[in-house]
>>> print(open('structure29.cif').read())   # mmCIF, C-alpha atoms (C1' of nucleotides)
data_model
loop_
_atom_site.label_atom_id
_atom_site.label_comp_id
_atom_site.auth_asym_id
_atom_site.auth_seq_id
_atom_site.Cartn_x
_atom_site.Cartn_y
_atom_site.Cartn_z
CA MET B 22 -119.55 -41.34 122.39
CA PHE B 23 -119.28 -39.99 118.84
CA LEU B 24 -122.12 -41.38 116.72
CA GLY B 25 -123.61 -40.70 113.31
CA ARG B 26 -122.61 -39.30 109.98
CA TYR B 27 -122.66 -35.74 108.67
CA GLU B 28 -121.79 -34.32 105.27
CA HIS B 29 -120.35 -30.84 105.60
CA THR B 30 -118.72 -28.44 103.19
CA ILE B 31 -115.10 -27.39 103.21
CA ASP B 32 -114.84 -23.73 102.21
CA GLU B 33 -112.13 -22.09 100.09
CA LYS B 34 -110.11 -21.35 103.16
CA GLY B 35 -110.05 -25.04 104.09
CA ARG B 36 -112.45 -24.77 107.01
CA ILE B 37 -115.04 -27.33 108.04
CA THR B 38 -117.80 -27.12 110.60
CA ILE B 39 -117.67 -29.78 113.30
CA PRO B 40 -121.17 -31.06 114.12
CA SER B 41 -122.39 -29.36 117.23
CA LYS B 42 -123.11 -32.70 118.92
CA PHE B 43 -119.44 -33.53 118.56
CA ARG B 44 -118.32 -30.13 119.78
CA GLU B 45 -120.26 -30.65 123.00
CA MET B 46 -117.94 -33.51 123.82
CA LEU B 47 -114.78 -31.55 123.16
CA ASP B 48 -113.04 -28.87 125.17
CA GLY B 49 -112.67 -26.29 122.41
CA SER B 50 -110.12 -28.10 120.33
CA VAL B 51 -109.47 -31.45 118.65
CA TYR B 52 -106.33 -33.31 117.75
CA VAL B 53 -106.55 -34.25 114.09
CA THR B 54 -104.19 -36.84 112.63
CA GLN B 55 -103.72 -38.82 109.47
CA GLY B 56 -105.83 -42.00 109.61
CA PHE B 57 -105.02 -45.49 108.41
CA ASP B 58 -107.45 -45.63 105.49
CA GLY B 59 -107.03 -42.41 103.55
CA ASN B 60 -109.03 -40.47 106.10
CA LEU B 61 -108.40 -38.22 109.07
CA GLN B 62 -108.95 -39.10 112.70
CA ALA B 63 -110.00 -36.59 115.31
CA PHE B 64 -109.38 -37.20 119.00
CA PRO B 65 -110.47 -35.40 122.14
CA SER B 66 -107.50 -33.95 124.00
CA GLU B 67 -107.38 -36.51 126.80
CA LEU B 68 -107.35 -39.43 124.40
CA PHE B 69 -104.65 -37.97 122.19
CA GLU B 70 -102.50 -37.20 125.19
CA LEU B 71 -102.73 -40.80 126.31
CA LEU B 72 -101.54 -41.88 122.88
CA ALA B 73 -98.78 -39.29 122.89
CA ASN B 74 -97.53 -40.30 126.32
CA GLN B 75 -97.21 -43.90 125.25
CA VAL B 76 -95.15 -42.95 122.24
CA ARG B 77 -93.05 -40.50 124.20
CA SER B 78 -92.14 -43.10 126.76
CA ILE B 79 -90.11 -45.06 124.21
CA SER B 80 -86.42 -44.19 123.92
CA TYR B 81 -85.67 -41.81 121.13
CA LEU B 82 -82.34 -43.53 120.53
CA ASP B 83 -84.29 -46.32 118.87
CA ALA B 84 -84.81 -45.75 115.13
CA ASN B 85 -88.27 -47.33 115.08
CA SER B 86 -89.33 -45.23 117.97
CA ARG B 87 -88.31 -42.09 116.09
CA ARG B 88 -90.36 -43.24 113.09
CA LEU B 89 -93.32 -43.80 115.33
CA ARG B 90 -92.96 -40.32 116.77
CA ARG B 91 -92.90 -38.82 113.32
CA ILE B 92 -96.02 -40.65 112.27
CA LEU B 93 -97.97 -39.58 115.30
CA PHE B 94 -96.66 -36.04 115.75
CA ALA B 95 -95.72 -34.89 112.26
CA ASN B 96 -99.13 -35.83 110.89
CA ALA B 97 -101.09 -34.33 113.73
CA GLU B 98 -102.32 -30.91 114.68
CA GLN B 99 -104.20 -29.49 117.63
CA ILE B 100 -106.92 -27.34 116.11
CA LYS B 101 -109.18 -24.90 117.94
CA PHE B 102 -112.73 -24.12 116.91
CA ASP B 103 -113.53 -20.63 115.73
CA SER B 104 -116.57 -18.85 117.06
CA ALA B 105 -118.74 -20.58 114.45
CA GLY B 106 -117.61 -24.05 115.41
CA ARG B 107 -115.27 -24.58 112.48
CA ILE B 108 -111.71 -25.85 112.34
CA LEU B 109 -109.14 -24.87 109.76
CA LEU B 110 -107.60 -28.04 108.33
CA PRO B 111 -103.96 -27.48 107.37
CA ALA B 112 -103.17 -28.19 103.72
CA PHE B 113 -101.00 -31.21 104.49
CA LEU B 114 -103.89 -32.93 106.24
CA ARG B 115 -106.37 -32.12 103.49
CA ASP B 116 -103.93 -33.59 101.01
CA THR B 117 -103.46 -36.88 102.80
CA ALA B 118 -107.23 -37.41 102.88
CA ASN B 119 -108.14 -36.08 99.42
CA LEU B 120 -110.36 -33.41 100.92
CA THR B 121 -111.53 -30.63 98.61
CA ASP B 122 -115.12 -29.36 98.65
CA ASN B 123 -117.03 -31.73 100.92
CA ALA B 124 -116.27 -34.08 103.74
CA ILE B 125 -118.12 -36.76 105.63
CA VAL B 126 -117.72 -36.58 109.38
CA VAL B 127 -118.20 -39.99 110.93
CA GLY B 128 -118.64 -40.87 114.57
CA SER B 129 -116.45 -43.76 115.65
CA GLY B 130 -116.94 -44.26 119.36
CA GLU B 131 -114.36 -42.43 121.44
CA TYR B 132 -113.08 -40.53 118.39
CA PHE B 133 -114.44 -39.52 114.98
CA GLU B 134 -113.20 -39.56 111.42
CA ILE B 135 -113.22 -37.18 108.47
CA TRP B 136 -113.48 -38.64 104.96
CA SER B 137 -113.65 -37.34 101.45
CA PRO B 138 -116.91 -38.60 99.86
CA GLU B 139 -114.91 -40.63 97.33
CA ASN B 140 -112.73 -42.38 99.89
CA TRP B 141 -115.73 -43.01 102.07
CA ARG B 142 -117.64 -44.76 99.33
CA ALA B 143 -114.57 -46.70 98.30
CA GLN B 144 -114.05 -48.21 101.71
CA GLN B 145 -117.65 -49.10 102.48
CA THR B 146 -117.57 -52.72 103.50
CA SER B 147 -120.64 -54.71 102.75
CA LEU B 148 -122.14 -56.49 105.71
CA ASN B 149 -121.70 -59.74 103.84
CA ASP B 150 -117.94 -59.35 104.04
CA ILE B 151 -118.27 -59.11 107.78
CA GLU B 152 -120.45 -62.17 107.94
CA ALA B 153 -117.70 -64.06 106.16
CA ASN B 154 -115.38 -63.29 109.07
CA GLU B 155 -117.60 -64.66 111.76
CA THR B 156 -114.93 -65.89 114.09
CA ARG B 157 -112.87 -62.72 114.07
CA PHE B 158 -115.91 -60.62 114.80
CA SER B 159 -117.56 -62.93 117.28
CA ALA B 160 -117.42 -60.14 119.82
CA LEU B 161 -120.25 -58.60 117.84
CA ASP B 162 -122.47 -61.62 118.38
CA LEU B 163 -125.37 -60.51 120.49
CA ASN B 164 -125.40 -63.83 122.34
CA THR B 165 -121.97 -63.26 123.78
CA LEU B 166 -122.79 -59.86 125.18
CA GLN B 167 -123.52 -59.43 128.86
CA MET P 25 -96.06 -30.42 122.32
CA PHE P 26 -94.58 -29.86 118.88
CA LEU P 27 -97.05 -31.04 116.23
CA GLY P 28 -97.53 -30.73 112.49
CA ARG P 29 -95.45 -29.99 109.46
CA TYR P 30 -94.37 -26.72 107.86
CA GLU P 31 -92.45 -26.10 104.66
CA HIS P 32 -90.38 -22.94 104.98
CA THR P 33 -87.73 -21.33 102.84
CA ILE P 34 -84.08 -20.97 103.69
CA ASP P 35 -82.84 -17.61 102.43
CA GLU P 36 -79.43 -16.72 101.01
CA LYS P 37 -78.12 -15.93 104.45
CA GLY P 38 -79.08 -19.40 105.64
CA ARG P 39 -81.95 -18.24 107.80
CA ILE P 40 -85.19 -20.13 108.35
CA THR P 41 -88.36 -19.03 110.07
CA ILE P 42 -89.41 -21.21 112.99
CA PRO P 43 -93.22 -21.63 112.98
CA SER P 44 -94.74 -19.26 115.47
CA LYS P 45 -96.58 -22.10 117.21
CA PHE P 46 -93.20 -23.64 117.92
CA ARG P 47 -91.65 -20.37 119.05
CA GLU P 48 -94.35 -19.98 121.66
CA MET P 49 -92.99 -23.06 123.38
CA LEU P 50 -89.39 -21.83 123.38
CA ASP P 51 -87.63 -19.23 125.46
CA GLY P 52 -86.04 -17.23 122.65
CA SER P 53 -83.51 -19.81 121.52
CA VAL P 54 -83.23 -23.45 120.45
CA TYR P 55 -80.49 -26.00 120.62
CA VAL P 56 -80.02 -27.43 117.14
CA THR P 57 -78.05 -30.62 116.68
CA GLN P 58 -77.32 -33.13 114.00
CA GLY P 59 -80.05 -35.77 113.91
CA PHE P 60 -79.72 -39.51 113.49
CA ASP P 61 -81.47 -39.73 110.15
CA GLY P 62 -79.96 -37.10 107.88
CA ASN P 63 -81.92 -34.34 109.55
CA LEU P 64 -81.49 -31.75 112.27
CA GLN P 65 -83.08 -31.87 115.69
CA ALA P 66 -84.11 -28.82 117.65
CA PHE P 67 -84.59 -28.92 121.41
CA PRO P 68 -85.95 -26.45 123.94
CA SER P 69 -83.25 -25.40 126.40
CA GLU P 70 -84.50 -27.43 129.38
CA LEU P 71 -84.74 -30.60 127.36
CA PHE P 72 -81.31 -30.18 125.83
CA GLU P 73 -79.81 -29.68 129.23
CA LEU P 74 -81.45 -32.82 130.51
CA LEU P 75 -80.11 -34.75 127.54
CA ALA P 76 -76.66 -33.26 127.96
CA ASN P 77 -76.55 -34.24 131.61
CA GLN P 78 -77.62 -37.75 130.80
CA VAL P 79 -74.94 -38.14 128.18
CA ARG P 80 -72.28 -36.63 130.39
CA SER P 81 -73.11 -39.09 133.14
CA ILE P 82 -72.23 -42.07 130.94
CA SER P 83 -68.64 -43.19 131.12
CA TYR P 84 -66.54 -41.89 128.30
CA LEU P 85 -64.78 -45.25 128.18
CA ASP P 86 -67.84 -46.52 126.33
CA ALA P 87 -67.63 -46.12 122.55
CA ASN P 88 -71.33 -45.49 122.05
CA SER P 89 -71.27 -42.88 124.72
CA ARG P 90 -68.44 -41.05 122.97
CA ARG P 91 -70.38 -41.13 119.70
CA LEU P 92 -73.43 -39.73 121.44
CA ARG P 93 -71.32 -36.99 122.93
CA ARG P 94 -70.04 -36.02 119.52
CA ILE P 95 -73.51 -35.90 118.01
CA LEU P 96 -74.87 -33.93 120.87
CA PHE P 97 -72.01 -31.54 121.52
CA ALA P 98 -69.76 -31.26 118.47
CA ASN P 99 -72.60 -30.74 116.04
CA ALA P 100 -74.80 -28.62 118.23
CA GLU P 101 -75.40 -24.93 118.47
CA GLN P 102 -77.58 -22.73 120.63
CA ILE P 103 -79.32 -20.36 118.26
CA LYS P 104 -81.37 -17.28 119.10
CA PHE P 105 -84.33 -16.00 117.08
CA ASP P 106 -84.11 -12.70 115.27
CA SER P 107 -86.93 -10.20 115.62
CA ALA P 108 -88.86 -11.91 112.82
CA GLY P 109 -88.65 -15.36 114.40
CA ARG P 110 -85.87 -16.74 112.22
CA ILE P 111 -82.73 -18.63 113.17
CA LEU P 112 -79.46 -18.56 111.28
CA LEU P 113 -78.36 -22.13 110.62
CA PRO P 114 -74.55 -22.43 110.56
CA ALA P 115 -73.17 -23.85 107.31
CA PHE P 116 -71.92 -27.06 108.92
CA LEU P 117 -75.41 -27.90 110.13
CA ARG P 118 -76.98 -27.13 106.78
CA ASP P 119 -74.44 -29.44 105.19
CA THR P 120 -75.11 -32.39 107.44
CA ALA P 121 -78.80 -32.24 106.58
CA ASN P 122 -78.58 -31.37 102.86
CA LEU P 123 -80.42 -28.11 103.38
CA THR P 124 -80.38 -25.59 100.56
CA ASP P 125 -83.50 -23.65 99.52
CA ASN P 126 -86.35 -25.22 101.45
CA ALA P 127 -86.80 -27.17 104.62
CA ILE P 128 -89.60 -29.09 106.24
CA VAL P 129 -90.02 -28.36 109.93
CA VAL P 130 -91.59 -31.36 111.63
CA GLY P 131 -93.10 -31.58 115.09
CA SER P 132 -91.96 -34.61 117.05
CA GLY P 133 -93.46 -34.28 120.49
CA GLU P 134 -91.18 -32.55 122.94
CA TYR P 135 -88.71 -31.56 120.21
CA PHE P 136 -88.89 -30.89 116.48
CA GLU P 137 -86.87 -31.75 113.41
CA ILE P 138 -85.67 -29.95 110.30
CA TRP P 139 -85.45 -31.90 107.05
CA SER P 140 -84.54 -31.23 103.47
CA PRO P 141 -87.57 -32.08 101.30
CA GLU P 142 -85.61 -34.89 99.63
CA ASN P 143 -84.53 -36.56 102.85
CA TRP P 144 -87.99 -36.19 104.31
CA ARG P 145 -89.65 -37.92 101.41
CA ALA P 146 -87.02 -40.64 101.43
CA GLN P 147 -87.73 -41.63 105.02
CA GLN P 148 -91.53 -41.38 104.92
CA THR P 149 -93.14 -44.43 106.46
CA SER P 150 -96.61 -45.23 105.31
CA LEU P 151 -99.24 -46.08 107.86
CA ASN P 152 -99.75 -49.39 106.11
CA ASP P 153 -96.21 -50.32 107.07
CA ILE P 154 -97.29 -49.83 110.63
CA GLU P 155 -100.24 -52.14 110.31
CA ALA P 156 -97.82 -54.74 108.99
CA ASN P 157 -95.80 -54.29 112.16
CA GLU P 158 -98.63 -54.71 114.57
CA THR P 159 -96.64 -56.04 117.46
CA ARG P 160 -93.88 -53.51 117.24
CA PHE P 161 -96.35 -50.66 117.24
CA SER P 162 -98.82 -52.06 119.70
CA ALA P 163 -98.27 -48.95 121.77
CA LEU P 164 -100.69 -47.26 119.40
CA ASP P 165 -103.50 -49.66 120.20
CA LEU P 166 -106.28 -47.74 121.86
CA ASN P 167 -107.20 -50.79 123.91
CA THR P 168 -103.92 -50.81 125.74
CA LEU P 169 -104.31 -47.26 126.96
CA GLN P 170 -105.21 -46.60 130.57
"C1'" DG A 9 -141.94 -17.59 115.39
"C1'" DC A 10 -137.87 -18.41 117.62
"C1'" DG A 11 -133.69 -20.59 118.32
"C1'" DT A 12 -130.08 -23.54 116.62
"C1'" DC A 13 -127.04 -24.91 113.23
"C1'" DC A 14 -124.45 -24.48 109.04
"C1'" DA A 15 -122.61 -21.77 104.88
"C1'" DA A 16 -120.32 -17.88 103.25
"C1'" DG A 17 -117.55 -13.87 103.14
"C1'" DG A 18 -115.36 -9.33 104.69
"C1'" DA A 19 -112.24 -7.14 107.78
"C1'" DA A 20 -108.63 -7.19 111.03
"C1'" DC A 21 -104.70 -9.24 112.45
"C1'" DA A 22 -100.52 -12.22 112.55
"C1'" DT A 23 -97.00 -14.59 110.16
"C1'" DC A 24 -93.57 -15.32 106.73
"C1'" DT A 25 -90.25 -13.64 103.40
"C1'" DG A 26 -87.23 -10.58 101.02
"C1'" DT A 27 -84.71 -6.40 101.47
"C1'" DT A 28 -82.20 -2.58 103.38
"C1'" DC A 29 -79.31 -0.55 106.66
"C1'" DT A 30 -76.00 -0.64 110.30
"C1'" DA A 31 -72.51 -2.68 113.35
"C1'" DT A 32 -68.90 -5.89 113.93
"C1'" DC A 33 -65.07 -8.66 112.83
"C1'" DG A 34 -61.07 -10.13 110.33
"C1'" DC A 35 -58.01 -9.29 106.71
"C1'" DT A 36 -54.94 -6.74 103.60
"C1'" DC A 37 -52.23 -3.10 102.35
"C1'" DC A 38 -50.01 1.12 103.21
"C1'" DG E 30 -49.90 0.01 113.98
"C1'" DG E 31 -53.75 2.13 111.58
"C1'" DA E 32 -56.91 2.97 107.53
"C1'" DG E 33 -59.63 0.82 104.30
"C1'" DC E 34 -62.08 -3.17 102.46
"C1'" DG E 35 -65.07 -7.16 102.25
"C1'" DA E 36 -67.68 -10.65 104.56
"C1'" DT E 37 -70.93 -11.71 108.12
"C1'" DA E 38 -74.35 -10.92 111.72
"C1'" DG E 39 -78.10 -8.34 113.63
"C1'" DA E 40 -82.00 -4.97 113.62
"C1'" DA E 41 -85.71 -3.03 111.26
"C1'" DC E 42 -89.07 -2.49 107.73
"C1'" DA E 43 -92.62 -3.51 104.01
"C1'" DG E 44 -95.35 -6.43 101.00
"C1'" DA E 45 -97.68 -10.73 100.30
"C1'" DT E 46 -99.91 -14.37 102.17
"C1'" DG E 47 -102.44 -16.95 105.62
"C1'" DT E 48 -105.28 -17.16 109.73
"C1'" DT E 49 -108.61 -15.53 112.99
"C1'" DC E 50 -112.54 -12.97 114.22
"C1'" DC E 51 -116.99 -11.34 113.37
"C1'" DT E 52 -121.26 -10.69 110.85
"C1'" DT E 53 -124.88 -12.00 107.75
"C1'" DG E 54 -128.21 -15.03 105.64
"C1'" DG E 55 -130.60 -19.32 104.85
"C1'" DA E 56 -132.32 -23.87 106.30
"C1'" DC E 57 -134.27 -26.65 109.60
"C1'" DG E 58 -136.65 -28.25 113.81
"C1'" DC E 59 -139.24 -27.32 117.95
#
>>> encode(input="structure29.cif", output="structure tokens")
Amino acid sequence: MFLGRYEHTIDEKGRITIPSKFREMLDGSVYVTQGFDGNLQAFPSELFELLANQVRSISYLDANSRRLRRILFANAEQIKFDSAGRILLPAFLRDTANLTDNAIVVGSGEYFEIWSPENWRAQQTSLNDIEANETRFSALDLNTLQ
Amino acid sequence: MFLGRYEHTIDEKGRITIPSKFREMLDGSVYVTQGFDGNLQAFPSELFELLANQVRSISYLDANSRRLRRILFANAEQIKFDSAGRILLPAFLRDTANLTDNAIVVGSGEYFEIWSPENWRAQQTSLNDIEANETRFSALDLNTLQ
DNA sequence: GCGTCCAAGGAACATCTGTTCTATCGCTCC
DNA sequence: GGAGCGATAGAACAGATGTTCCTTGGACGC
């Protein structure tokens, strides 16, 4: 499971070091895609391939299915680590997530995310907002857990 | 799997470099056809042959089947790479996709697409649109994956 | 102190692009 | 019909750019 938060630099070449704890759980590469909230998402191979297979199984004669393919595949890249544990983020991915000098790498369970510091701060949800949505988030209620 | 996005130039001769990562997955040539969305589609040989067989097996008494045949056969070309990894796009294919100086080469899973920058921008779907279409795109829900 | 991890940068290599040169084809004109 | 011409395709090369590999140094924790 990917846990925790790390602030790492992005160098002039567009490279970022993946935290070594995260690397341990990967097989030498990650699939990085555009996220939903102005961030990037990084998936271990097996997980991304599951996603990809689902999308591939839809007929490509359907216009919506082609759009879905584009979103998943055109905005994604399989990136290998270099010997120092870095990945080179392609320019189009850096652009979609506003990444320049620094990035915040955030564990998110079975995948992790990469944020620009600005976008990260902007999206921070206060815990009070969550409290206000009690019913939707009832799964988080300790009493209901087994 | 074809992933990512590359902006490449089209030179005066009408040639475009295929990204080397894509070439690695091809056997020295691609089948390029008219796409459904103002773009071109490029298929590895095996996949094109599968498609072709499928389309041929549908009765030609069916109007949709005849249209498919035209898209797949009339507007298709098998194109070999030159020694620098470029393909020469015939004029009629460039015309159907509005290609002049630049093109965006877009991974789309087991095939890839070639777009003019204008057409590409025009069709871009934002990820927020997807969220608004939750049910249609439920295939992307991590929970549903096995 | 030693090992691990991250930051930074140089060097080697691969890729992309523009250009040149040659071969081929079709056409025109003699 | 054959020679000459232009247009097009293909092969090869060179420069610029981008990517990968490798090394170094500093910070931190054990």
>>> closest_atom_pairs(input="structure29.cif", of="chain B", to="chain P", cutoff="6 Å", atoms="only C-alpha atoms", output="tab-separated table")
residue	atom	partner	partner_atom	distance
B:Phe57	CA	P:Leu151	CA	5.8
B:Arg90	CA	P:Ser132	CA	5.8
B:Arg91	CA	P:Ser132	CA	5.7
B:Phe94	CA	P:Leu27	CA	5.0
B:Ala95	CA	P:Gly28	CA	4.5
B:Asn96	CA	P:Gly28	CA	5.6
B:Ala97	CA	P:Gly28	CA	5.2
B:Glu98	CA	P:Gly28	CA	5.3
>>> closest_atom_pairs(input="structure29.cif", of="chain B", to="chain A", cutoff="12 Å", atoms="all atoms listed in the file", output="Markdown table")
| residue | atom | partner | partner_atom | distance |
| --- | --- | --- | --- | --- |
| B:Tyr27 | CA | A:DC14 | C1' | 11.4 |
| B:Glu28 | CA | A:DC14 | C1' | 10.9 |
| B:His29 | CA | A:DC14 | C1' | 8.3 |
| B:Thr30 | CA | A:DA15 | C1' | 7.9 |
| B:Ile31 | CA | A:DA15 | C1' | 9.5 |
| B:Asp32 | CA | A:DA16 | C1' | 8.1 |
| B:Glu33 | CA | A:DA16 | C1' | 9.7 |
| B:Lys34 | CA | A:DG17 | C1' | 10.6 |
| B:Arg36 | CA | A:DA15 | C1' | 10.8 |
| B:Ile37 | CA | A:DC14 | C1' | 9.9 |
| B:Thr38 | CA | A:DC14 | C1' | 7.3 |
| B:Ile39 | CA | A:DC14 | C1' | 9.6 |
| B:Pro40 | CA | A:DC13 | C1' | 8.5 |
| B:Ser41 | CA | A:DC13 | C1' | 7.6 |
| B:Lys42 | CA | A:DC13 | C1' | 10.4 |
| B:Ala105 | CA | A:DC14 | C1' | 8.8 |
| B:Gly106 | CA | A:DC14 | C1' | 9.4 |
| B:Arg107 | CA | A:DC14 | C1' | 9.8 |
>>> calpha_fit_and_write(input="structure29.cif", fixed="chain P", moving="chain B", output="short mmCIF file (atom, residue, chain, number, x, y, z; two decimals) with C-alpha atoms, keeping the file's coordinate frame")
data_model
loop_
_atom_site.label_atom_id
_atom_site.label_comp_id
_atom_site.auth_asym_id
_atom_site.auth_seq_id
_atom_site.Cartn_x
_atom_site.Cartn_y
_atom_site.Cartn_z
CA MET B 22 -96.41 -30.23 122.35
CA PHE B 23 -94.99 -29.53 118.88
CA LEU B 24 -97.58 -30.45 116.23
CA GLY B 25 -98.03 -29.92 112.52
CA ARG B 26 -95.96 -29.33 109.44
CA TYR B 27 -94.71 -26.11 107.87
CA GLU B 28 -92.75 -25.49 104.70
CA HIS B 29 -90.48 -22.48 105.09
CA THR B 30 -87.75 -20.97 102.98
CA ILE B 31 -84.08 -20.89 103.82
CA ASP B 32 -82.57 -17.61 102.62
CA GLU B 33 -79.11 -17.05 101.13
CA LYS B 34 -77.69 -16.41 104.53
CA GLY B 35 -78.89 -19.81 105.75
CA ARG B 36 -81.69 -18.51 107.94
CA ILE B 37 -85.06 -20.13 108.49
CA THR B 38 -88.14 -18.84 110.25
CA ILE B 39 -89.37 -21.02 113.10
CA PRO B 40 -93.18 -21.22 113.12
CA SER B 41 -94.51 -18.82 115.67
CA LYS B 42 -96.51 -21.58 117.39
CA PHE B 43 -93.24 -23.36 118.04
CA ARG B 44 -91.50 -20.22 119.22
CA GLU B 45 -94.16 -19.74 121.88
CA MET B 46 -92.99 -22.95 123.49
CA LEU B 47 -89.34 -21.99 123.48
CA ASP B 48 -87.39 -19.58 125.64
CA GLY B 49 -85.70 -17.62 122.86
CA SER B 50 -83.39 -20.31 121.64
CA VAL B 51 -83.37 -23.92 120.46
CA TYR B 52 -80.77 -26.64 120.54
CA VAL B 53 -80.44 -28.02 117.03
CA THR B 54 -78.65 -31.32 116.43
CA GLN B 55 -78.09 -33.80 113.66
CA GLY B 56 -80.99 -36.28 113.53
CA PHE B 57 -80.97 -39.99 112.86
CA ASP B 58 -82.64 -39.94 109.44
CA GLY B 59 -80.90 -37.26 107.41
CA ASN B 60 -82.78 -34.51 109.21
CA LEU B 61 -82.20 -32.09 112.05
CA GLN B 62 -83.76 -32.25 115.48
CA ALA B 63 -84.59 -29.19 117.53
CA PHE B 64 -85.00 -29.39 121.29
CA PRO B 65 -86.19 -26.92 123.90
CA SER B 66 -83.41 -26.02 126.32
CA GLU B 67 -84.64 -28.09 129.26
CA LEU B 68 -84.92 -31.24 127.20
CA PHE B 69 -81.50 -30.86 125.62
CA GLU B 70 -79.93 -30.24 128.99
CA LEU B 71 -81.42 -33.45 130.31
CA LEU B 72 -79.86 -35.29 127.39
CA ALA B 73 -76.55 -33.53 127.88
CA ASN B 74 -76.43 -34.31 131.59
CA GLN B 75 -76.92 -37.98 130.93
CA VAL B 76 -74.07 -38.05 128.47
CA ARG B 77 -71.84 -35.96 130.69
CA SER B 78 -72.29 -38.30 133.60
CA ILE B 79 -70.40 -41.07 131.81
CA SER B 80 -66.64 -41.23 132.39
CA TYR B 81 -64.65 -39.56 129.69
CA LEU B 82 -61.90 -42.15 130.09
CA ASP B 83 -64.15 -44.56 128.23
CA ALA B 84 -63.66 -44.44 124.44
CA ASN B 85 -67.32 -45.06 123.65
CA SER B 86 -68.35 -42.36 126.00
CA ARG B 87 -66.09 -39.90 124.19
CA ARG B 88 -67.67 -40.92 120.87
CA LEU B 89 -71.09 -40.36 122.34
CA ARG B 90 -70.07 -36.91 123.53
CA ARG B 91 -68.83 -36.01 120.09
CA ILE B 92 -72.04 -37.11 118.45
CA LEU B 93 -74.22 -35.14 120.79
CA PHE B 94 -72.08 -32.03 121.26
CA ALA B 95 -70.11 -31.69 118.04
CA ASN B 96 -73.26 -31.91 115.94
CA ALA B 97 -75.29 -29.56 118.06
CA GLU B 98 -75.67 -25.83 118.39
CA GLN B 99 -77.67 -23.56 120.64
CA ILE B 100 -79.26 -21.03 118.32
CA LYS B 101 -81.07 -17.85 119.31
CA PHE B 102 -83.94 -16.34 117.36
CA ASP B 103 -83.43 -12.98 115.74
CA SER B 104 -86.05 -10.30 116.11
CA ALA B 105 -88.00 -11.79 113.19
CA GLY B 106 -88.14 -15.25 114.68
CA ARG B 107 -85.47 -16.79 112.49
CA ILE B 108 -82.48 -18.94 113.35
CA LEU B 109 -79.23 -19.04 111.43
CA LEU B 110 -78.39 -22.68 110.70
CA PRO B 111 -74.62 -23.22 110.64
CA ALA B 112 -73.29 -24.64 107.38
CA PHE B 113 -72.29 -27.97 108.92
CA LEU B 114 -75.86 -28.61 110.02
CA ARG B 115 -77.34 -27.61 106.68
CA ASP B 116 -74.94 -30.01 105.02
CA THR B 117 -75.83 -33.00 107.13
CA ALA B 118 -79.52 -32.53 106.31
CA ASN B 119 -79.23 -31.54 102.63
CA LEU B 120 -80.87 -28.20 103.30
CA THR B 121 -80.66 -25.58 100.55
CA ASP B 122 -83.66 -23.44 99.58
CA ASN B 123 -86.61 -24.88 101.49
CA ALA B 124 -87.19 -26.90 104.59
CA ILE B 125 -90.10 -28.70 106.17
CA VAL B 126 -90.49 -28.08 109.87
CA VAL B 127 -92.25 -30.98 111.52
CA GLY B 128 -93.71 -31.17 114.99
CA SER B 129 -92.73 -34.33 116.82
CA GLY B 130 -94.14 -34.13 120.32
CA GLU B 131 -91.67 -32.74 122.82
CA TYR B 132 -89.26 -31.71 120.05
CA PHE B 133 -89.50 -30.90 116.34
CA GLU B 134 -87.57 -31.78 113.22
CA ILE B 135 -86.27 -29.94 110.17
CA TRP B 136 -86.16 -31.79 106.84
CA SER B 137 -85.18 -31.03 103.31
CA PRO B 138 -88.23 -31.63 101.06
CA GLU B 139 -86.39 -34.46 99.29
CA ASN B 140 -85.41 -36.31 102.45
CA TRP B 141 -88.87 -35.82 103.85
CA ARG B 142 -90.55 -37.40 100.87
CA ALA B 143 -88.01 -40.20 100.81
CA GLN B 144 -88.70 -41.27 104.35
CA GLN B 145 -92.48 -41.08 104.26
CA THR B 146 -93.67 -44.40 105.56
CA SER B 147 -96.93 -45.63 104.23
CA LEU B 148 -99.49 -46.50 106.85
CA ASN B 149 -99.59 -50.00 105.43
CA ASP B 150 -96.02 -50.56 106.53
CA ILE B 151 -97.08 -49.69 110.04
CA GLU B 152 -100.02 -52.03 109.89
CA ALA B 153 -97.60 -54.81 109.02
CA ASN B 154 -95.85 -54.23 112.35
CA GLU B 155 -98.91 -54.57 114.50
CA THR B 156 -97.27 -56.09 117.52
CA ARG B 157 -94.44 -53.59 117.76
CA PHE B 158 -96.84 -50.70 117.52
CA SER B 159 -99.58 -52.11 119.69
CA ALA B 160 -99.22 -49.11 121.95
CA LEU B 161 -100.98 -47.21 119.20
CA ASP B 162 -104.03 -49.44 119.41
CA LEU B 163 -106.89 -47.32 120.62
CA ASN B 164 -108.27 -50.21 122.67
CA THR B 165 -105.22 -50.33 124.88
CA LEU B 166 -105.32 -46.67 125.74
CA GLN B 167 -106.69 -45.52 129.07
#
>>> residues_around(input="structure29.cif", residues="B:Leu114", least_positions_apart="6", cutoff="8 Å", atoms="all atoms listed in the file", output="number ranges by chain")
B: 54-55, 61, 96
>>> atom_distance(input="structure29.cif", atom1="atom C1' of E:DA40", atom2="atom CA of P:Leu113")
17.8 Å
>>> interface_residues(input="structure29.cif", of="chain E", to="chain P", cutoff="12 Å", atoms="only C-alpha atoms (C1' of nucleotides)", output="PyMOL selection string")
chain E and resi 36-42
>>> atom_distance(input="structure29.cif", atom1="atom CA of P:Trp144", atom2="atom CA of P:Val56")
17.5 Å
>>> atom_distance(input="structure29.cif", atom1="atom CA of B:Asp48", atom2="atom CA of B:Gln62")
16.6 Å
>>> resolve_selection(input="structure29.cif", expression="the PyMOL selection byres ((chain P and resi 122) around 8)", output="tab-separated table (two decimals) with C-alpha atoms, in the coordinates of the input")
chain	number	residue	atom	x	y	z
P	62	GLY	CA	-79.96	-37.10	107.88
P	118	ARG	CA	-76.98	-27.13	106.78
P	119	ASP	CA	-74.44	-29.44	105.19
P	120	THR	CA	-75.11	-32.39	107.44
P	121	ALA	CA	-78.80	-32.24	106.58
P	123	LEU	CA	-80.42	-28.11	103.38
P	124	THR	CA	-80.38	-25.59	100.56
P	140	SER	CA	-84.54	-31.23	103.47
P	143	ASN	CA	-84.53	-36.56	102.85
